[in-house]
Every structure is written in C-alpha cells, then in structure tokens.
file entry-v7.csv (CSV, C-alpha atoms)
chain,number,residue,atom,x,y,z
V,1,MET,CA,-51.5,-20.0,105.8
V,2,ALA,CA,-50.2,-21.5,102.5
V,3,ALA,CA,-52.5,-24.5,103.0
V,4,ASP,CA,-55.6,-22.2,103.5
V,5,ALA,CA,-54.6,-20.2,100.3
V,6,ALA,CA,-54.2,-23.4,98.4
V,7,GLU,CA,-57.6,-24.7,99.6
V,8,LEU,CA,-59.3,-21.4,98.4
V,9,SER,CA,-57.6,-21.5,95.1
V,10,ARG,CA,-58.3,-25.1,94.1
V,11,GLY,CA,-60.2,-25.0,90.9
V,12,ALA,CA,-59.9,-21.3,90.6
V,13,ARG,CA,-57.8,-19.3,88.2
V,14,LEU,CA,-55.8,-16.7,90.1
V,15,PRO,CA,-54.1,-13.6,88.7
V,16,ARG,CA,-50.5,-14.3,87.9
V,17,SER,CA,-49.2,-12.1,90.7
V,18,ALA,CA,-51.5,-13.8,93.3
V,19,ARG,CA,-50.5,-17.2,92.0
V,20,ARG,CA,-46.8,-16.3,92.3
V,21,LYS,CA,-47.3,-15.1,95.8
V,22,GLN,CA,-49.0,-18.3,96.7
V,23,LEU,CA,-46.3,-20.4,95.2
V,24,LEU,CA,-43.6,-18.5,97.0
V,25,ALA,CA,-45.3,-18.9,100.4
V,26,ALA,CA,-45.6,-22.6,99.9
V,27,ALA,CA,-42.0,-22.9,98.7
V,28,GLN,CA,-40.7,-21.0,101.7
V,29,GLU,CA,-42.5,-23.4,104.1
V,30,VAL,CA,-41.1,-26.5,102.3
V,31,PHE,CA,-37.5,-25.1,102.0
V,32,VAL,CA,-37.4,-24.1,105.7
V,33,ALA,CA,-38.9,-27.4,106.8
V,34,GLN,CA,-36.8,-29.7,104.6
V,35,GLY,CA,-33.8,-27.6,103.4
V,36,TYR,CA,-33.1,-26.9,99.8
V,37,HIS,CA,-31.5,-30.2,98.8
V,38,ALA,CA,-34.3,-32.4,100.3
V,39,ALA,CA,-37.1,-30.2,99.0
V,40,ALA,CA,-38.7,-31.3,95.8
V,41,MET,CA,-40.8,-29.4,93.3
V,42,ASP,CA,-43.5,-32.0,93.8
V,43,ASP,CA,-43.6,-31.1,97.5
V,44,ILE,CA,-44.0,-27.5,96.8
V,45,ALA,CA,-46.7,-28.0,94.2
V,46,GLU,CA,-48.6,-30.2,96.6
V,47,ARG,CA,-48.2,-27.6,99.4
V,48,ALA,CA,-49.5,-24.9,97.1
V,49,GLY,CA,-52.4,-27.1,95.9
V,50,VAL,CA,-51.4,-26.8,92.2
V,51,SER,CA,-50.1,-29.2,89.6
V,52,LYS,CA,-46.4,-29.3,88.9
V,53,PRO,CA,-46.9,-27.8,85.3
V,54,VAL,CA,-48.5,-24.8,86.9
V,55,LEU,CA,-45.5,-24.4,89.2
V,56,TYR,CA,-43.1,-24.6,86.3
V,57,GLN,CA,-45.1,-22.0,84.4
V,58,HIS,CA,-43.9,-19.5,87.0
V,59,PHE,CA,-40.5,-20.9,87.9
V,60,PRO,CA,-38.4,-23.0,85.5
V,61,GLY,CA,-36.6,-24.9,88.3
V,62,LYS,CA,-36.0,-25.2,92.0
V,63,LEU,CA,-33.0,-22.9,92.0
V,64,GLU,CA,-34.9,-20.1,90.3
V,65,LEU,CA,-37.7,-20.5,92.9
V,66,TYR,CA,-35.3,-20.4,95.8
V,67,LEU,CA,-33.5,-17.3,94.3
V,68,ALA,CA,-36.9,-15.5,94.0
V,69,LEU,CA,-37.5,-16.2,97.7
V,70,LEU,CA,-34.1,-14.8,98.6
V,71,ASP,CA,-34.8,-11.7,96.6
V,72,LEU,CA,-38.2,-11.2,98.2
V,73,GLN,CA,-36.9,-11.5,101.8
V,74,ALA,CA,-33.8,-9.5,101.1
V,75,GLU,CA,-35.9,-6.6,99.9
V,76,SER,CA,-38.0,-6.9,103.0
V,77,LEU,CA,-35.0,-6.6,105.3
V,78,GLN,CA,-33.4,-3.8,103.3
V,79,ALA,CA,-36.7,-1.8,103.3
V,80,ALA,CA,-37.0,-2.2,107.1
V,81,VAL,CA,-33.4,-0.9,107.7
V,82,SER,CA,-33.9,2.0,105.2
V,83,GLU,CA,-37.2,3.0,106.8
V,84,ALA,CA,-35.6,3.0,110.3
V,85,LEU,CA,-32.8,5.3,109.0
V,86,SER,CA,-35.1,7.7,107.2
V,87,ARG,CA,-38.0,8.2,109.6
V,88,THR,CA,-35.9,10.3,112.1
V,89,GLU,CA,-32.9,12.5,112.3
V,90,ASP,CA,-32.2,11.5,115.9
V,91,ASN,CA,-29.2,9.1,115.6
V,92,ARG,CA,-30.0,7.2,118.8
V,93,GLU,CA,-33.4,6.5,117.4
V,94,ARG,CA,-31.8,5.4,114.2
V,95,VAL,CA,-29.6,2.9,116.1
V,96,HIS,CA,-32.7,1.7,117.9
V,97,GLY,CA,-34.6,1.4,114.7
V,98,VAL,CA,-31.9,-0.6,112.8
V,99,LEU,CA,-31.5,-3.0,115.7
V,100,SER,CA,-35.2,-3.4,116.0
V,101,ALA,CA,-35.4,-4.1,112.2
V,102,TYR,CA,-32.9,-7.0,112.6
V,103,PHE,CA,-34.5,-8.4,115.7
V,104,ASP,CA,-38.0,-8.2,114.2
V,105,PHE,CA,-36.9,-9.8,110.9
V,106,MET,CA,-35.3,-12.7,112.7
V,107,ASP,CA,-38.0,-13.1,115.4
V,108,GLY,CA,-41.0,-12.9,113.0
V,109,GLY,CA,-42.5,-9.8,114.7
V,110,GLU,CA,-43.6,-6.5,113.3
V,111,GLY,CA,-43.7,-7.8,109.7
V,112,GLY,CA,-40.7,-10.1,110.1
V,113,ASP,CA,-40.7,-13.8,109.6
V,114,GLU,CA,-38.4,-16.2,111.4
V,115,ALA,CA,-38.7,-18.6,108.5
V,116,ALA,CA,-37.5,-15.9,106.2
V,117,PHE,CA,-34.5,-15.3,108.4
V,118,ARG,CA,-33.5,-18.9,108.4
V,119,LEU,CA,-34.0,-19.1,104.6
V,120,ILE,CA,-31.4,-16.3,104.2
V,121,PHE,CA,-28.9,-16.8,107.0
V,122,GLU,CA,-29.0,-20.6,107.5
V,123,THR,CA,-29.3,-21.8,103.9
V,124,ASP,CA,-27.8,-25.1,103.0
V,125,LEU,CA,-27.1,-23.8,99.5
V,126,GLY,CA,-24.3,-21.4,100.5
V,127,ASN,CA,-21.9,-22.8,97.9
V,128,GLU,CA,-24.1,-22.0,95.0
V,129,PRO,CA,-22.6,-18.8,93.2
V,130,ALA,CA,-26.0,-17.2,92.6
V,131,VAL,CA,-27.0,-17.6,96.2
V,132,ARG,CA,-23.6,-16.3,97.5
V,133,GLU,CA,-24.0,-13.3,95.2
V,134,ARG,CA,-27.5,-12.5,96.6
V,135,LEU,CA,-26.4,-12.9,100.2
V,136,ALA,CA,-23.4,-10.6,99.6
V,137,ARG,CA,-25.8,-8.1,98.0
V,138,VAL,CA,-28.0,-8.2,101.1
V,139,ALA,CA,-25.1,-7.4,103.3
V,140,GLU,CA,-23.6,-4.7,101.0
V,141,THR,CA,-26.9,-2.9,100.5
V,142,THR,CA,-27.6,-2.8,104.2
V,143,VAL,CA,-24.0,-1.6,105.0
V,144,GLN,CA,-24.2,1.1,102.3
V,145,ALA,CA,-27.5,2.4,103.7
V,146,VAL,CA,-26.1,2.8,107.2
V,147,ALA,CA,-22.8,4.2,105.9
V,148,GLU,CA,-24.5,6.9,103.9
V,149,THR,CA,-26.3,8.1,107.0
V,150,ILE,CA,-23.0,8.0,109.0
V,151,ALA,CA,-21.1,9.9,106.4
V,152,ALA,CA,-23.8,12.6,106.0
V,153,ASP,CA,-24.0,13.1,109.8
V,154,THR,CA,-20.3,12.9,110.7
V,155,GLY,CA,-18.4,14.1,107.7
V,156,LEU,CA,-16.3,11.0,107.7
V,157,ASP,CA,-15.1,9.7,104.3
V,158,GLN,CA,-16.8,6.7,102.7
V,159,ALA,CA,-14.2,4.1,103.8
V,160,ARG,CA,-14.4,5.1,107.5
V,161,ALA,CA,-18.2,5.4,107.3
V,162,GLU,CA,-18.4,1.9,105.8
V,163,LEU,CA,-16.1,0.5,108.5
V,164,LEU,CA,-18.4,1.9,111.3
V,165,SER,CA,-21.5,0.7,109.4
V,166,VAL,CA,-20.1,-2.9,109.2
V,167,ALA,CA,-19.4,-2.8,112.9
V,168,LEU,CA,-22.9,-1.5,113.8
V,169,SER,CA,-24.8,-3.8,111.3
V,170,GLY,CA,-22.7,-6.8,112.2
V,171,ALA,CA,-23.3,-6.4,115.9
V,172,GLY,CA,-27.0,-6.1,115.4
V,173,GLN,CA,-27.1,-9.3,113.2
V,174,VAL,CA,-24.9,-11.4,115.4
V,175,ALA,CA,-26.7,-10.3,118.6
V,176,ALA,CA,-30.1,-11.0,117.1
V,177,ARG,CA,-29.0,-14.5,115.9
V,178,TRP,CA,-27.6,-15.4,119.3
V,179,TRP,CA,-30.8,-14.2,120.9
V,180,LEU,CA,-33.0,-16.2,118.6
V,181,ASP,CA,-30.8,-19.4,118.7
V,182,GLY,CA,-30.8,-19.1,122.5
V,183,SER,CA,-34.6,-19.3,122.6
V,184,ARG,CA,-35.1,-15.6,123.3
V,185,PRO,CA,-33.5,-15.6,126.8
V,186,VAL,CA,-34.5,-12.0,127.5
V,187,PRO,CA,-37.5,-10.0,126.2
V,188,LYS,CA,-37.0,-8.6,122.8
V,189,HIS,CA,-37.4,-5.0,123.8
V,190,GLU,CA,-34.8,-5.4,126.5
V,191,ALA,CA,-32.4,-7.2,124.2
V,192,VAL,CA,-32.7,-4.3,121.7
V,193,GLY,CA,-32.2,-1.8,124.5
V,194,LEU,CA,-29.1,-3.5,125.8
V,195,ILE,CA,-27.4,-3.6,122.4
V,196,GLU,CA,-28.5,-0.1,121.7
V,197,ALA,CA,-26.9,1.2,124.9
V,198,LEU,CA,-23.7,-0.5,124.1
V,199,LEU,CA,-23.4,0.7,120.5
V,200,TRP,CA,-24.6,4.2,121.3
V,201,ARG,CA,-21.7,4.7,123.7
V,202,GLY,CA,-19.4,4.3,120.7
V,203,ILE,CA,-21.2,5.9,117.8
V,204,SER,CA,-22.3,9.0,119.8
V,205,ALA,CA,-18.6,9.9,120.1
V,206,PHE,CA,-18.9,11.0,116.4
V,207,PRO,CA,-20.7,14.4,116.4
V,208,LEU,CA,-23.3,15.4,113.9
V,209,HIS,CA,-21.7,17.2,110.9
V,210,ALA,CA,-18.2,16.8,112.3
V,211,ALA,CA,-16.6,18.0,109.2
V,212,ALA,CA,-18.6,21.3,109.1
V,213,GLU,CA,-17.9,21.9,112.8
V,214,THR,CA,-14.1,21.4,112.1
V,215,VAL,CA,-14.2,23.9,109.3
V,216,GLN,CA,-16.0,26.4,111.5
V,217,ALA,CA,-13.6,26.0,114.3
V,218,GLU,CA,-10.7,26.7,112.0
call {"tool": "encode", "arguments": {"input": "entry-v7.csv", "output": "structure tokens"}}
result
Amino acid sequence: MAADAAELSRGARLPRSARRKQLLAAAQEVFVAQGYHAAAMDDIAERAGVSKPVLYQHFPGKLELYLALLDLQAESLQAAVSEALSRTEDNRERVHGVLSAYFDFMDGGEGGDEAAFRLIFETDLGNEPAVRERLARVAETTVQAVAETIAADTGLDQARAELLSVALSGAGQVAARWWLDGSRPVPKHEAVGLIEALLWRGISAFPLHAAAETVQAE
C-alpha cells in the first residue's frame, strides 16, 4: 500500500496532511519489518518514495517518527474500546465489544492492523522513557474508560472499579496475544466468545446500579 502511494506521489506535491500520512505508513512498514534500531531514515524515505530532506521536514528524527506512530495507533485502539463501551447499555455486549476490539486490533481485522499491534506491544525500544510513557498512557486510558463504565453501572468506588477494569482489560489483551502468537488456533469469533463467557461469569455478579439498589433496600 505504501509502495503504491509512493508511486502515485512521485513528482507530485501532496498536501502536508497527506504527505504525513504517507510517511507514517512507510515508516510503520519499515519499523515492523526491521525493528526500531535496525531501521534507518534512508530506508523510510526510500519506502515512501521521497527524499530524506522531505522526510525531515515532517519529522526531525527517527524517534519523533516512531512516537508519532505510537500515538496514532494508540488513539485507534482507545477509540475502538470507547466505541464498544458507548454503543450499548447491555453489559454483556460491552464485554463482547471490548474483547472484539482487542482481537481486531491485534489481528488486523475490522479496521485493525497486526503490524500496528506489533509496533505497540512488541517494540524493541521499551527502555526509551518517551516510549514507556506512551505505552503506559495506552494502558491507563483504556483501563479508565472501562473503569468509568463499571463504576457507573455498579456503584463501586474508583479503586475497585479500576481493579476490575485491569482484570478485564488484561485478560482480553493477554488472550488475544496468545491467540495471535499461536497462529490463530481457533476462529476469532469463537475465541472472543470463549473469553467473553469466562469473563461474563464474573462481572455479571456485580448488578447494575448496585449502590442505588442497596440504598433502596435500606
């Protein structure tokens, strides 16, 4: 895809936003294929079909380019989780939606991108403070989104809602990674259904609006 875009843009002056999108797509391919440390700005410029000065006009260095990619893919994952939580008030459907968001993101289906998953979760730049900060922000934002829904529906305080959110989100991420690394040993819809059934047995024990129900009972 990046090669096609590069071919179309040779000799053409693209709008800045379109050029940035093209450069990010090329950079993602190079980073995923070679790893951060082995990738060179020359490789990325060549993949995008531009000169290195054009690349540097948009990104002052390789780290800034990598961080821009992390931000882009983190926003995509966070948006998918938030959409799954907001599109229904049925909590089992929410569990299903969040799990599907993780599996789709890691698998490359339904708007996901396996390369994007590997860029975030299998980076060889984990010791870089700016990368660690962004990865922590991805986890924190996702946990907070799920925790807010749990707290609103159950009446649990923030700490307890976050604890449940970490368990739910962590289970989804770990299961999806195992599934992908195991070469998708069962169909995706079945994998999501199995994890959903397991998690629902636990989270369904917390009734909707538990706090309000307790007050009414008293």
call {"tool": "atom_distance", "arguments": {"input": "entry-v7.csv", "atom1": "CA of Val146 (chain V)", "atom2": "CA of Leu69 (chain V)"}}
result
24.1 Å
call {"tool": "atom_distance", "arguments": {"input": "entry-v7.csv", "atom1": "CA of Phe117 (chain V)", "atom2": "CA of Gln73 (chain V)"}}
result
8.0 Å
call {"tool": "residues_around", "arguments": {"input": "entry-v7.csv", "residues": "region 166-176 of chain V", "least_positions_apart": "2", "cutoff": "6 Å", "atoms": "all atoms listed in the file", "output": "PyMOL selection string"}}
result
chain V and resi 99+103+143+163-164+178-179
call {"tool": "residues_around", "arguments": {"input": "entry-v7.csv", "residues": "region 86-90 of chain V", "least_positions_apart": "3", "cutoff": "12 Å", "atoms": "all atoms listed in the file", "output": "NGL selection string"}}
result
:V and (79-83 or 93-98 or 145-146 or 148-150 or 152-153 or 200 or 204 or 207-208)
call {"tool": "closest_residue", "arguments": {"input": "entry-v7.csv", "among": "V:Leu180, V:Ala101, V:Ala68, V:Leu119", "to": "Lys21 (chain V)", "atoms": "all atoms listed in the file"}}
result
V:Ala68
call {"tool": "atom_distance", "arguments": {"input": "entry-v7.csv", "atom1": "CA of Phe31 (chain V)", "atom2": "CA of Pro185 (chain V)"}}
result
26.9 Å
call {"tool": "closest_residue", "arguments": {"input": "entry-v7.csv", "among": "V:Gly182, V:Gly61, V:Pro129, V:Pro15", "to": "Ile44 (chain V)", "atoms": "all atoms listed in the file"}}
result
V:Gly61
call {"tool": "closest_residue", "arguments": {"input": "entry-v7.csv", "among": "V:Glu64, V:Gln144, V:Asp71, V:Val50", "to": "Leu85 (chain V)", "atoms": "only C-alpha atoms"}}
result
V:Gln144
call {"tool": "closest_residue", "arguments": {"input": "entry-v7.csv", "among": "V:Phe206, V:Leu125, V:Leu63, V:Gly108", "to": "Arg160 (chain V)", "atoms": "all atoms listed in the file"}}
result
V:Phe206
call {"tool": "residues_around", "arguments": {"input": "entry-v7.csv", "residues": "Leu23 (chain V)", "least_positions_apart": "5", "cutoff": "8 Å", "atoms": "only C-alpha atoms", "output": "ChimeraX atom specification"}}
result
/V:44-45,48,55
call {"tool": "closest_residue", "arguments": {"input": "entry-v7.csv", "among": "V:Ala26, V:Val32, V:Ala197, V:Ala74", "to": "Glu140 (chain V)", "atoms": "all atoms listed in the file"}}
result
V:Ala74
call {"tool": "closest_residue", "arguments": {"input": "entry-v7.csv", "among": "V:Ala191, V:Met41, V:Ala136, V:Ala151", "to": "Leu24 (chain V)", "atoms": "all atoms listed in the file"}}
result
V:Met41
